$ cat run17.txt   # compact mmCIF, C-alpha atoms
# COMPACT_ATOMS: atom_id res chain seq x y z
CA MET A 129 8.80 63.77 -53.79
CA SER A 130 6.24 66.58 -53.80
CA ALA A 131 4.23 67.07 -50.62
CA GLU A 132 0.91 66.05 -52.24
CA LYS A 133 2.36 62.65 -53.08
CA ILE A 134 3.40 61.80 -49.54
CA PRO A 135 0.93 59.29 -48.13
CA THR A 136 -0.64 60.00 -44.76
CA PRO A 137 1.65 58.41 -42.16
CA SER A 138 0.39 55.42 -40.25
CA SER A 139 0.07 55.57 -36.49
CA THR A 140 -0.66 53.17 -33.67
CA VAL A 141 -4.21 51.91 -33.10
CA GLY A 142 -3.59 52.50 -29.39
CA PRO A 143 -5.04 50.46 -26.53
CA PHE A 144 -8.69 51.40 -27.16
CA LEU A 145 -9.02 50.15 -30.74
CA HIS A 146 -11.90 47.91 -29.72
CA ILE A 147 -14.45 50.70 -29.51
CA GLY A 148 -13.91 51.62 -33.13
CA LEU A 149 -12.97 48.37 -34.79
CA THR A 150 -13.69 45.07 -33.10
CA ASP A 151 -16.44 45.49 -30.46
CA ARG A 152 -19.09 45.70 -33.15
CA HIS A 153 -17.25 44.86 -36.34
CA SER A 154 -14.98 41.91 -35.82
CA LEU A 155 -15.18 39.21 -38.48
CA THR A 156 -14.18 35.75 -37.33
CA HIS A 157 -16.53 33.43 -39.23
CA ILE A 158 -15.12 34.01 -42.64
CA ALA A 159 -16.41 30.99 -44.51
CA GLY A 160 -20.00 29.84 -44.11
CA PRO A 161 -21.10 26.21 -44.62
CA LYS A 162 -21.78 26.81 -48.34
CA VAL A 163 -18.23 27.91 -49.08
CA LYS A 164 -16.18 25.30 -50.88
CA GLY A 165 -12.89 24.21 -49.38
CA GLU A 166 -11.03 22.42 -46.64
CA ARG A 167 -12.13 23.76 -43.25
CA VAL A 168 -9.55 25.61 -41.17
CA HIS A 169 -9.96 26.72 -37.60
CA LEU A 170 -7.09 29.14 -37.28
CA LYS A 171 -5.84 30.22 -33.90
CA CYS A 172 -3.29 33.03 -33.79
CA ARG A 173 -1.28 33.93 -30.74
CA VAL A 174 0.79 37.10 -30.39
CA LEU A 175 3.80 37.31 -28.05
CA ASP A 176 6.10 40.23 -27.34
CA ALA A 177 9.91 40.35 -26.95
CA GLU A 178 9.67 38.89 -23.44
CA GLY A 179 7.32 36.11 -24.50
CA ALA A 180 4.40 37.82 -22.81
CA PRO A 181 1.02 37.59 -24.56
CA VAL A 182 -0.05 40.76 -26.35
CA ASN A 183 -3.61 41.24 -25.16
CA ASP A 184 -4.46 44.44 -27.00
CA ALA A 185 -3.60 43.69 -30.61
CA MET A 186 -5.83 43.41 -33.63
CA ILE A 187 -5.19 40.89 -36.38
CA GLU A 188 -6.55 41.24 -39.87
CA ILE A 189 -6.37 38.43 -42.39
CA TRP A 190 -6.94 38.43 -46.14
CA GLN A 191 -7.03 35.30 -48.24
CA ALA A 192 -8.05 33.74 -51.52
CA ASP A 193 -10.83 31.18 -51.90
CA ALA A 194 -10.27 27.47 -52.47
CA ASP A 195 -9.57 28.15 -56.16
CA GLY A 196 -6.85 30.66 -55.33
CA LYS A 197 -9.00 33.63 -56.34
CA TYR A 198 -9.39 36.86 -54.41
CA ASN A 199 -12.80 38.48 -54.16
CA HIS A 200 -11.59 41.68 -55.78
CA PRO A 201 -12.06 43.35 -59.19
CA ASP A 202 -8.34 43.11 -59.96
CA ASP A 203 -8.30 39.32 -59.77
CA PRO A 204 -9.62 37.88 -63.03
CA GLY A 205 -12.57 35.62 -62.24
CA GLY A 206 -12.40 36.35 -58.55
CA ALA A 207 -14.73 39.29 -58.07
CA SER A 208 -18.20 39.37 -56.52
CA LYS A 209 -18.35 35.93 -55.00
CA GLU A 210 -20.96 36.89 -52.48
CA THR A 211 -20.46 33.90 -50.25
CA PHE A 212 -16.81 34.45 -49.53
CA ARG A 213 -15.12 37.79 -49.00
CA GLY A 214 -11.88 36.43 -47.59
CA PHE A 215 -11.38 39.09 -44.94
CA GLY A 216 -11.31 38.65 -41.20
CA ARG A 217 -10.37 40.64 -38.16
CA ALA A 218 -10.32 40.08 -34.44
CA ALA A 219 -8.83 41.50 -31.27
CA THR A 220 -6.51 39.33 -29.21
CA ASP A 221 -7.76 38.20 -25.80
CA GLU A 222 -6.07 38.14 -22.39
CA ILE A 223 -3.75 35.31 -23.48
CA GLY A 224 -2.86 36.99 -26.76
CA CYS A 225 -5.10 34.79 -28.91
CA CYS A 226 -7.75 35.21 -31.55
CA GLU A 227 -9.48 32.63 -33.74
CA PHE A 228 -10.95 32.46 -37.22
CA ASP A 229 -13.17 29.90 -38.93
CA THR A 230 -12.20 29.81 -42.55
CA ILE A 231 -11.09 27.54 -45.38
CA LYS A 232 -7.67 26.73 -46.72
CA PRO A 233 -6.96 29.07 -49.63
CA GLY A 234 -5.97 27.74 -53.03
CA ARG A 235 -2.81 28.60 -54.90
CA VAL A 236 -2.55 32.19 -56.12
CA ALA A 237 -0.62 33.29 -59.19
CA ALA A 238 2.69 34.85 -58.28
CA ASN A 239 2.95 37.65 -60.73
CA ILE A 240 -0.07 38.25 -62.91
CA ALA A 241 -2.34 41.13 -62.11
CA VAL A 242 -5.14 42.66 -64.12
CA HIS A 243 -5.78 46.23 -63.17
CA THR A 244 -9.31 47.47 -63.66
CA ASN A 245 -8.84 51.08 -64.66
CA LEU A 246 -11.10 53.92 -63.62
CA ALA A 247 -13.33 53.47 -66.66
CA GLY A 248 -14.04 49.95 -65.44
CA VAL A 249 -12.25 48.36 -68.37
CA ALA A 250 -9.94 45.55 -67.51
CA ALA A 251 -6.49 46.37 -68.82
CA THR A 252 -4.22 43.39 -68.73
CA ALA A 253 -1.03 44.34 -67.02
CA GLN A 254 1.30 41.45 -66.92
CA VAL A 255 3.68 42.38 -64.20
CA ASN A 256 6.64 40.33 -65.10
CA ALA A 257 10.26 40.26 -64.26
CA GLU A 258 11.24 42.86 -66.85
CA ALA A 259 8.83 45.41 -65.42
CA HIS A 260 10.65 45.45 -62.13
CA SER A 261 13.76 47.43 -61.49
CA LEU A 262 14.89 45.68 -58.33
CA PRO A 263 16.40 42.23 -58.70
CA SER A 264 14.61 40.99 -55.59
CA GLU A 265 11.28 41.80 -57.22
CA GLN A 266 11.84 39.26 -59.95
CA LEU A 267 9.47 36.39 -59.61
CA GLU A 268 9.41 33.55 -62.04
CA GLU A 269 6.64 34.00 -64.56
CA HIS A 270 3.41 32.04 -64.17
CA LYS A 271 4.52 30.41 -60.99
CA LEU A 272 1.91 29.61 -58.38
CA GLN A 273 2.25 30.50 -54.73
CA ALA A 274 1.65 27.93 -52.02
CA PRO A 275 -1.60 28.31 -50.04
CA HIS A 276 -1.18 31.22 -47.66
CA VAL A 277 -3.17 33.66 -45.57
CA ASN A 278 -1.99 37.28 -45.51
CA LEU A 279 -1.89 38.80 -42.08
CA ALA A 280 -1.46 42.30 -40.62
CA ILE A 281 -0.94 43.09 -36.94
CA PHE A 282 -1.97 46.35 -35.32
CA ALA A 283 -1.35 47.22 -31.67
CA ARG A 284 -0.28 49.76 -29.12
CA GLY A 285 3.45 50.21 -29.71
CA ILE A 286 3.14 49.26 -33.39
CA LEU A 287 3.18 52.49 -35.38
CA LEU A 288 3.01 50.83 -38.77
CA GLN A 289 1.18 47.52 -39.12
CA LEU A 290 3.38 44.44 -39.37
CA TYR A 291 2.74 42.17 -42.33
CA THR A 292 3.40 38.48 -42.42
CA ARG A 293 2.03 35.37 -44.13
CA ILE A 294 0.68 32.12 -42.78
CA TYR A 295 1.64 28.99 -44.72
CA PHE A 296 0.45 25.52 -43.80
CA ALA A 297 3.07 23.12 -42.43
CA GLY A 298 3.41 19.99 -44.51
CA ASP A 299 1.92 21.39 -47.70
CA PRO A 300 4.17 20.12 -50.52
CA ALA A 301 3.66 23.41 -52.42
CA ASN A 302 5.67 25.22 -49.74
CA ASP A 303 8.91 23.82 -51.17
CA ASP A 304 8.24 25.61 -54.41
CA ASP A 305 6.80 28.87 -53.13
CA PRO A 306 8.51 31.95 -54.64
CA ILE A 307 7.97 34.10 -51.53
CA LEU A 308 9.18 31.52 -49.03
CA ALA A 309 12.23 31.21 -51.25
CA LEU A 310 13.08 34.85 -50.40
CA VAL A 311 13.22 33.98 -46.70
CA PRO A 312 16.40 32.50 -45.17
CA LYS A 313 15.77 28.78 -44.74
CA GLU A 314 16.27 28.77 -40.97
CA ARG A 315 13.57 31.41 -40.52
CA ARG A 316 10.93 29.83 -42.76
CA PRO A 317 9.38 27.76 -39.94
CA THR A 318 8.19 31.01 -38.33
CA LEU A 319 5.77 31.38 -41.25
CA LEU A 320 4.20 27.94 -40.83
CA ALA A 321 0.95 27.31 -39.02
CA GLN A 322 1.07 23.92 -37.27
CA PRO A 323 -1.79 21.47 -36.96
CA ASP A 324 -3.53 21.88 -33.61
CA PRO A 325 -4.55 18.38 -32.51
CA SER A 326 -6.67 19.75 -29.67
CA ARG A 327 -9.33 20.89 -32.08
CA ARG A 328 -11.05 19.68 -35.24
CA HIS A 329 -9.56 21.35 -38.36
CA GLY A 330 -7.33 23.22 -35.94
CA TRP A 331 -4.23 25.17 -36.98
CA LEU A 332 -2.06 27.26 -34.69
CA PHE A 333 0.04 30.23 -35.78
CA GLU A 334 2.33 31.84 -33.27
CA ILE A 335 3.57 35.38 -33.86
CA ARG A 336 6.68 36.46 -31.99
CA LEU A 337 7.06 40.18 -32.49
CA ARG A 338 10.68 40.32 -31.36
CA GLY A 339 13.48 38.22 -29.92
CA GLU A 340 14.03 34.48 -30.03
CA ASP A 341 12.34 32.78 -33.01
CA GLU A 342 11.10 36.15 -34.15
CA THR A 343 8.46 35.83 -36.86
CA VAL A 344 9.45 36.92 -40.33
CA PHE A 345 7.78 40.21 -41.24
CA PHE A 346 7.66 41.62 -44.74
CA ASP A 347 8.47 44.99 -46.20
CA VAL A 348 5.50 45.46 -48.47
CA MET B 214 0.73 45.99 -60.82
CA ARG B 215 2.95 47.35 -58.12
CA TYR B 216 2.07 49.71 -55.33
CA SER B 217 4.27 52.65 -54.40
CA ARG B 218 6.62 52.23 -51.47
CA SER B 219 7.24 54.87 -48.85
CA SER B 220 10.08 57.37 -49.18
CA PRO B 221 12.57 57.49 -46.33
CA GLY B 222 11.32 59.39 -43.29
CA THR B 223 7.70 59.66 -44.37
CA GLN B 224 6.48 56.83 -42.13
CA ALA B 225 7.06 56.34 -38.43
CA VAL B 226 10.28 54.85 -37.09
CA ARG B 227 9.13 51.43 -35.88
CA LEU B 228 11.50 51.19 -32.96
CA TYR B 229 11.18 54.69 -31.53
CA GLU B 230 12.77 54.83 -28.11
CA PRO B 231 10.78 57.81 -26.78
CA TYR B 232 7.58 55.75 -27.34
CA LYS B 233 8.37 52.95 -24.92
CA SER B 234 5.88 50.31 -26.07
CA THR B 235 7.58 50.14 -29.46
CA LEU B 236 10.63 48.43 -27.94
CA LEU B 237 8.97 45.13 -27.04
CA ARG B 238 6.65 44.92 -30.00
CA ASN B 239 8.68 45.43 -33.15
CA PRO B 240 11.11 43.10 -34.88
CA ASP B 241 14.84 43.13 -34.37
CA GLN B 242 15.52 41.49 -37.75
CA PRO B 243 15.18 43.53 -40.93
CA LEU B 244 11.90 43.13 -42.80
CA ILE B 245 12.10 40.96 -45.90
CA PHE B 246 11.33 42.74 -49.14
CA LEU B 247 8.12 41.37 -50.61
CA PRO B 248 7.37 41.80 -54.32
CA HIS B 249 3.72 42.69 -54.89
CA THR B 250 1.50 39.83 -56.01
CA LEU B 251 -2.29 39.64 -56.07
CA SER B 252 -2.08 38.78 -52.37
CA GLU B 253 -0.84 42.30 -51.71
CA THR B 254 -2.67 44.33 -54.36
CA THR B 255 -6.17 43.06 -53.59
CA GLY B 256 -8.15 43.67 -50.42
CA PRO B 257 -11.62 43.55 -48.89
CA VAL B 258 -14.40 45.32 -50.76
CA TYR B 259 -17.14 46.96 -48.70
CA GLY B 260 -20.69 47.82 -49.67
CA HIS B 261 -23.33 50.30 -48.58
CA GLY B 262 -25.23 47.62 -46.68
CA GLU B 263 -22.66 47.80 -43.95
CA ILE B 264 -23.35 51.38 -42.92
CA ALA B 265 -26.29 52.26 -40.66
CA GLU B 266 -28.03 55.61 -40.27
CA ASN B 267 -26.16 57.92 -37.88
CA ASP B 268 -23.01 55.84 -38.16
CA ASN B 269 -21.30 59.00 -39.44
CA ASP B 270 -22.92 61.32 -36.88
CA LEU B 271 -21.47 60.64 -33.45
CA THR B 272 -23.69 63.34 -31.91
CA ARG B 273 -26.91 61.46 -32.71
CA GLN B 274 -26.24 57.97 -31.45
CA HIS B 275 -27.97 58.48 -28.08
CA ALA B 276 -31.10 60.05 -26.61
CA GLY B 277 -29.35 63.35 -25.93
CA GLU B 278 -26.49 65.29 -27.42
CA PRO B 279 -22.94 64.79 -26.18
CA LEU B 280 -21.18 67.62 -24.36
CA GLY B 281 -18.37 69.42 -26.15
CA GLU B 282 -17.56 71.48 -29.16
CA ARG B 283 -19.61 70.19 -32.10
CA ILE B 284 -17.46 69.79 -35.22
CA THR B 285 -17.58 68.31 -38.68
CA VAL B 286 -14.61 66.44 -40.11
CA SER B 287 -14.73 66.04 -43.87
CA GLY B 288 -12.34 65.46 -46.70
CA ARG B 289 -11.37 63.08 -49.45
CA VAL B 290 -9.48 59.84 -49.67
CA LEU B 291 -7.01 59.94 -52.54
CA ASP B 292 -4.17 57.77 -53.69
CA ASP B 293 -0.66 59.16 -54.07
CA ASN B 294 -1.30 59.90 -57.73
CA GLY B 295 -4.20 62.14 -56.77
CA ARG B 296 -6.86 59.68 -57.85
CA PRO B 297 -9.97 59.47 -55.63
CA VAL B 298 -10.55 56.26 -53.69
CA PRO B 299 -14.32 55.71 -53.93
CA ASN B 300 -16.55 53.42 -51.82
CA THR B 301 -13.94 52.69 -49.25
CA LEU B 302 -14.70 52.11 -45.58
CA ILE B 303 -13.58 54.71 -43.02
CA GLU B 304 -13.90 53.94 -39.33
CA ILE B 305 -13.16 56.43 -36.54
CA TRP B 306 -12.96 56.30 -32.76
CA GLN B 307 -12.09 58.93 -30.19
CA ALA B 308 -12.20 60.15 -26.59
CA ASN B 309 -15.05 62.36 -25.42
CA SER B 310 -14.68 66.09 -24.84
CA ALA B 311 -13.23 65.43 -21.39
CA GLY B 312 -10.51 63.19 -22.81
CA ARG B 313 -12.05 59.88 -21.71
CA TYR B 314 -12.66 56.82 -23.88
CA LEU B 315 -15.66 54.59 -23.34
CA HIS B 316 -13.35 51.66 -22.67
CA GLN B 317 -12.84 49.58 -19.56
CA ARG B 318 -9.06 49.95 -19.74
CA ASP B 319 -9.22 53.75 -19.75
CA GLN B 320 -8.62 54.74 -16.15
CA HIS B 321 -8.27 58.50 -16.67
CA PRO B 322 -10.36 60.13 -13.93
CA ALA B 323 -12.41 62.29 -16.29
CA PRO B 324 -16.17 61.93 -16.72
CA LEU B 325 -17.80 59.62 -19.22
CA ASP B 326 -20.59 61.13 -21.28
CA PRO B 327 -23.76 59.00 -21.42
CA ASN B 328 -24.52 60.53 -24.81
CA PHE B 329 -21.23 59.72 -26.46
CA SER B 330 -19.82 56.35 -27.55
CA GLY B 331 -17.07 57.80 -29.74
CA ALA B 332 -17.19 55.43 -32.73
CA GLY B 333 -18.34 56.02 -36.29
CA ARG B 334 -18.05 54.65 -39.81
CA THR B 335 -18.86 55.71 -43.33
CA LEU B 336 -18.05 54.96 -46.96
CA THR B 337 -16.44 57.45 -49.31
CA ASP B 338 -18.60 58.54 -52.24
CA ASP B 339 -17.69 58.33 -55.93
CA THR B 340 -15.31 61.27 -55.58
CA GLY B 341 -13.60 59.82 -52.51
CA ALA B 342 -15.37 62.31 -50.21
CA TYR B 343 -16.57 61.58 -46.68
CA ARG B 344 -18.00 63.51 -43.74
CA PHE B 345 -18.44 62.93 -40.00
CA VAL B 346 -20.22 64.99 -37.37
CA THR B 347 -18.76 64.63 -33.88
CA ILE B 348 -17.43 66.61 -30.94
CA LYS B 349 -13.85 67.71 -30.46
CA PRO B 350 -12.04 65.15 -28.29
CA GLY B 351 -10.08 66.27 -25.23
CA ALA B 352 -6.39 65.74 -24.58
CA TYR B 353 -5.65 62.96 -22.09
CA PRO B 354 -2.75 61.69 -19.99
CA TRP B 355 -0.90 58.42 -20.54
CA PHE B 356 1.88 56.56 -18.81
CA ASN B 357 4.68 56.68 -21.37
CA HIS B 358 6.77 59.18 -19.37
CA HIS B 359 6.29 61.70 -16.56
CA ASN B 360 3.44 64.12 -17.26
CA ALA B 361 2.75 62.66 -20.69
CA TRP B 362 -0.33 63.98 -22.52
CA ARG B 363 -1.64 63.00 -25.92
CA PRO B 364 -2.66 65.86 -28.20
CA ALA B 365 -6.36 65.72 -29.04
CA HIS B 366 -6.88 63.25 -31.88
CA ILE B 367 -9.37 61.10 -33.73
CA HIS B 368 -8.29 57.59 -34.78
CA PHE B 369 -8.93 56.90 -38.47
CA SER B 370 -9.00 53.47 -40.12
CA VAL B 371 -9.17 53.34 -43.92
CA PHE B 372 -9.09 50.34 -46.24
CA GLY B 373 -8.35 51.58 -49.73
CA ARG B 374 -8.18 49.16 -52.62
CA ALA B 375 -5.53 46.73 -51.46
CA PHE B 376 -4.48 44.89 -48.30
CA ILE B 377 -1.28 46.94 -48.42
CA SER B 378 -3.06 50.28 -48.85
CA ARG B 379 -4.68 49.73 -45.45
CA LEU B 380 -4.06 52.72 -43.20
CA ILE B 381 -4.72 53.28 -39.53
CA THR B 382 -3.69 56.72 -38.39
CA GLN B 383 -4.54 59.56 -36.03
CA MET B 384 -5.96 62.93 -37.06
CA TYR B 385 -4.85 65.92 -35.03
CA PHE B 386 -6.12 69.49 -34.70
CA PRO B 387 -4.14 72.51 -35.91
CA GLY B 388 -1.86 74.36 -33.52
CA ASP B 389 -1.91 71.86 -30.66
CA PRO B 390 0.78 72.84 -28.12
CA LEU B 391 1.27 69.17 -27.20
CA PHE B 392 2.73 68.16 -30.60
CA ALA B 393 6.28 68.98 -29.50
CA TYR B 394 6.01 66.67 -26.47
CA ASP B 395 4.20 63.73 -28.06
CA PRO B 396 6.45 60.83 -29.10
CA ILE B 397 3.68 59.25 -31.19
CA PHE B 398 3.34 62.38 -33.32
CA GLN B 399 7.11 62.90 -33.36
CA SER B 400 7.84 59.31 -34.45
CA VAL B 401 7.44 60.38 -38.09
CA PRO B 402 10.74 62.06 -39.04
CA ASP B 403 9.61 64.01 -42.13
CA GLU B 404 8.00 67.32 -41.22
CA ARG B 405 5.84 67.38 -44.38
CA ALA B 406 4.58 63.88 -43.63
CA ARG B 407 3.75 64.86 -40.03
CA GLN B 408 1.72 67.79 -41.35
CA ARG B 409 -0.41 65.28 -43.27
CA MET B 410 -1.83 64.08 -39.93
CA ILE B 411 -3.05 67.54 -38.91
CA SER B 412 -6.52 68.61 -40.02
CA LYS B 413 -7.15 72.16 -41.20
CA PHE B 414 -9.78 74.58 -39.96
CA ASP B 415 -12.15 75.11 -42.88
CA LEU B 416 -14.50 78.11 -42.96
CA GLU B 417 -16.23 76.71 -46.03
CA THR B 418 -17.54 73.62 -44.23
CA THR B 419 -18.09 75.49 -40.96
CA GLN B 420 -21.86 75.78 -40.50
CA PRO B 421 -23.17 79.07 -39.07
CA GLN B 422 -24.67 78.72 -35.58
CA TRP B 423 -23.96 74.99 -35.67
CA ALA B 424 -20.50 73.43 -36.02
CA VAL B 425 -16.84 74.25 -36.72
CA GLY B 426 -15.54 72.51 -39.84
CA TYR B 427 -12.23 70.68 -40.08
CA ARG B 428 -10.85 69.29 -43.28
CA PHE B 429 -8.78 66.12 -43.35
CA ASP B 430 -7.68 64.63 -46.66
CA ILE B 431 -6.17 61.17 -46.49
CA VAL B 432 -3.58 59.97 -48.99
CA LEU B 433 -3.12 56.21 -49.44
CA ARG B 434 -0.48 54.30 -51.33
CA GLY B 435 -1.68 53.67 -54.84
CA PRO B 436 -0.76 51.57 -57.87
CA GLU B 437 2.27 52.81 -59.72
CA ALA B 438 1.52 53.96 -63.22
CA THR B 439 2.44 51.25 -65.73
CA PRO B 440 2.83 51.47 -69.50
CA PHE B 441 -0.24 49.24 -69.75
CA GLU B 442 -2.57 51.80 -68.24
CA PRO B 443 -4.41 54.09 -70.62
$ encode --input "run17.txt" --output "C-alpha cells"
Amino acid sequence: MSAEKIPTPSSTVGPFLHIGLTDRHSLTHIAGPKVKGERVHLKCRVLDAEGAPVNDAMIEIWQADADGKYNHPDDPGGASKETFRGFGRAATDEIGCCEFDTIKPGRVAANIAVHTNLAGVAATAQVNAEAHSLPSEQLEEHKLQAPHVNLAIFARGILLQLYTRIYFAGDPANDDDPILALVPKERRPTLLAQPDPSRRHGWLFEIRLRGEDETVFFDV
Amino acid sequence: MRYSRSSPGTQAVRLYEPYKSTLLRNPDQPLIFLPHTLSETTGPVYGHGEIAENDNDLTRQHAGEPLGERITVSGRVLDDNGRPVPNTLIEIWQANSAGRYLHQRDQHPAPLDPNFSGAGRTLTDDTGAYRFVTIKPGAYPWFNHHNAWRPAHIHFSVFGRAFISRLITQMYFPGDPLFAYDPIFQSVPDERARQRMISKFDLETTQPQWAVGYRFDIVLRGPEATPFEP
C-alpha cells in the first residue's frame, strides 16, 4: 500500500474529550415529538474489565428512522428528512451511564446500497454476494435486518473506537437477522437491549468492554 | 458499496501494554467481522448552520488574546482514494500553551489562561479544505508511568461520509523529542502511518508578522471502487 493511501491512524479521545465534543455539542434528544415511531428511552451503561463504571467515555449512536431509512444521500428515499437525523452522542456520567430519547428504528436492507457519485448522480450499486471476495461478507440478497442502533464507544484507553449494535430483546425479527447470525449464539444476548421497567419506554443496554459477558464488538 | 479496511499495522494496537488504560478497556475476544451494509456506510450529515463565527479561531473566543505561539493549522480531508471529503465536520480540542486543559479533571499545576477555552469546530469546503487559528499547545505530564509526558498535540474529530469513516485522532508537531517516549504515539506499529499524525511546518501558509503555519492533511477510509462507479 502506498503511503498516500494509508488512512490517518485513530487515537484515544483522552480524558478531556468533553471540552471539544460533549460540553456544548452532545445530542441526546434525537427524535422530537413530530417524528414517527415507537418511543425509546435508551440508557447505556459502560463497564470495564473489573466491572467498574467507565465515567469518561463518549457514546455515539447512528440509526435509521421508523421506516428503516437513513438520513443520508446513499440511502434511496432516506435523505434530507429534516426532522430526524438519527445521530446522537453523549458522555458517560459518574456511574458510566448516558441516555438518549429516540425512536425504535425500522428494518434496514442488508445489502443494497446506492452510491451517489461525485457528480451527484445516483449510480445503483447492488452490493451482492458475488461482489464480495470473503465468504463471511456474503449476505443473503434482499434480506432485511432486524431493528438496530449502531453504536461507537470512544474513551481514554480506547485507541480505536469500538463498534457494536443494539438490538431490541423480544423483537421477532432478531431470529432472522443476518448480522446476529454471524455472532456465536451464546454471545448474542450481549447485543440485546432489555426493557427497563423503571421508566416509560425505557430500554437498557449494558456494555462490558472486557471480561465476563464481554459485549460483542465488530470489526468494521 | 464497501469501505476499505485497514492494512496490518496501520492502526493502533488495541491492547497496548505500555499504555496501561488499554488493558481494562478493550475486548479479550476477537472482533466479529461485519460486512458493510447501509448501517455502516451512511452517517450523520452536517450543515453550515451548525458553525458559529470564530468557532475556527481559538484566539478570538474571549475578550483578550490567549498567551502562546499563534499558529494556523490547515489542510484537507481526503479519502484513501485521494478524493476530497467536502462539508464534513471537524472538531478540535487542546491544552493551552502551558500544557493545561480547561477541564476539572486536569490537575496539572500549570496556569489556566482566561482567554483560551481550547475548543473549535469547522466544516471542510467543497475541496475538503479547512483552517483553524489557535496557539501551540504545551506538553503535559500524565500518570501512565514515571515521568510520563505527552508530546504537544491537538485532538481532531472528523466525521467523513459514513459512521465507519469516523475518525478521532491526535495531531502532533514535527520533531517533538517526546515521540520516542509516548506510548500513545508508539501504539501504531507502522512508521508511515505514525507519520500521518505529524503536521508539517508550512512556509506557504505562514503569515508574515502574524502566525506560523502547520499543514495537516487527514485521510479517511473511503468507499472501494466498484465496477458500477463511472
$ closest_residue --input "run17.txt" --among "B:Ala375, B:Ala265, B:Leu433, B:Ala276" --to "chain A" --atoms "only C-alpha atoms"
B:Leu433
$ residues_near_point --input "run17.txt" --point "(6.2, 18.9, -41.4)" --cutoff "10 Å" --atoms "only C-alpha atoms" --output "NGL selection string"
:A and (296-300 or 317 or 320 or 322-323)
$ closest_residue --input "run17.txt" --among "B:Val226, B:Leu280, B:Val290, B:Leu237" --to "Asp326 of chain B" --atoms "all atoms listed in the file"
B:Leu280
$ residues_around --input "run17.txt" --residues "Trp355 of chain B" --least-positions-apart "4" --cutoff "12 Å" --atoms "only C-alpha atoms" --output "PyMOL selection string"
(chain A and resi 142-143) or (chain B and resi 232-234+312-313+318-322+359-364+395-397)
$ residues_around --input "run17.txt" --residues "Gly288 of chain B" --least-positions-apart "5" --cutoff "9 Å" --atoms "all atoms listed in the file" --output "PyMOL selection string"
chain B and resi 341-344+427-431
$ closest_residue --input "run17.txt" --among "A:Ala237, A:Val174, A:Val163, A:Leu272" --to "Arg338 of chain A" --atoms "only C-alpha atoms"
A:Val174
$ residues_near_point --input "run17.txt" --point "(10.8, 58.4, -29.0)" --cutoff "12 Å" --atoms "all atoms listed in the file" --output "list of chain:residue names"
A:Gly285, A:Leu287, B:Ala225, B:Val226, B:Arg227, B:Leu228, B:Tyr229, B:Glu230, B:Pro231, B:Tyr232, B:Lys233, B:Ser234, B:Thr235, B:Leu236, B:Asn357, B:His358, B:Ala393, B:Tyr394, B:Asp395, B:Pro396, B:Ile397, B:Phe398, B:Gln399, B:Ser400, B:Val401, B:Pro402
$ closest_residue --input "run17.txt" --among "A:Asp324, A:Asp221, A:Glu227, A:Asp203" --to "Asp184 of chain A" --atoms "all atoms listed in the file"
A:Asp221
$ closest_residue --input "run17.txt" --among "A:Gln191, A:Thr230, A:Gln273, A:Thr318" --to "Thr255 of chain B" --atoms "only C-alpha atoms"
A:Gln191
$ closest_residue --input "run17.txt" --among "A:Val344, A:Lys171, A:Leu288, A:Gly206" --to "Ser219 of chain B" --atoms "all atoms listed in the file"
A:Leu288
$ atom_distance --input "run17.txt" --atom1 "atom CA of Met186 of chain A" --atom2 "atom CA of Phe282 of chain A"
5.1 Å
$ residues_around --input "run17.txt" --residues "segment 408-424 of chain B" --least-positions-apart "4" --cutoff "8 Å" --atoms "all atoms listed in the file" --output "ChimeraX atom specification"
/A:135-137 /B:282-285,382-387,404,428-431
$ residues_around --input "run17.txt" --residues "Ile147 of chain A" --least-positions-apart "5" --cutoff "8 Å" --atoms "all atoms listed in the file" --output "ChimeraX atom specification"
/A:152 /B:306,315-316,331-332
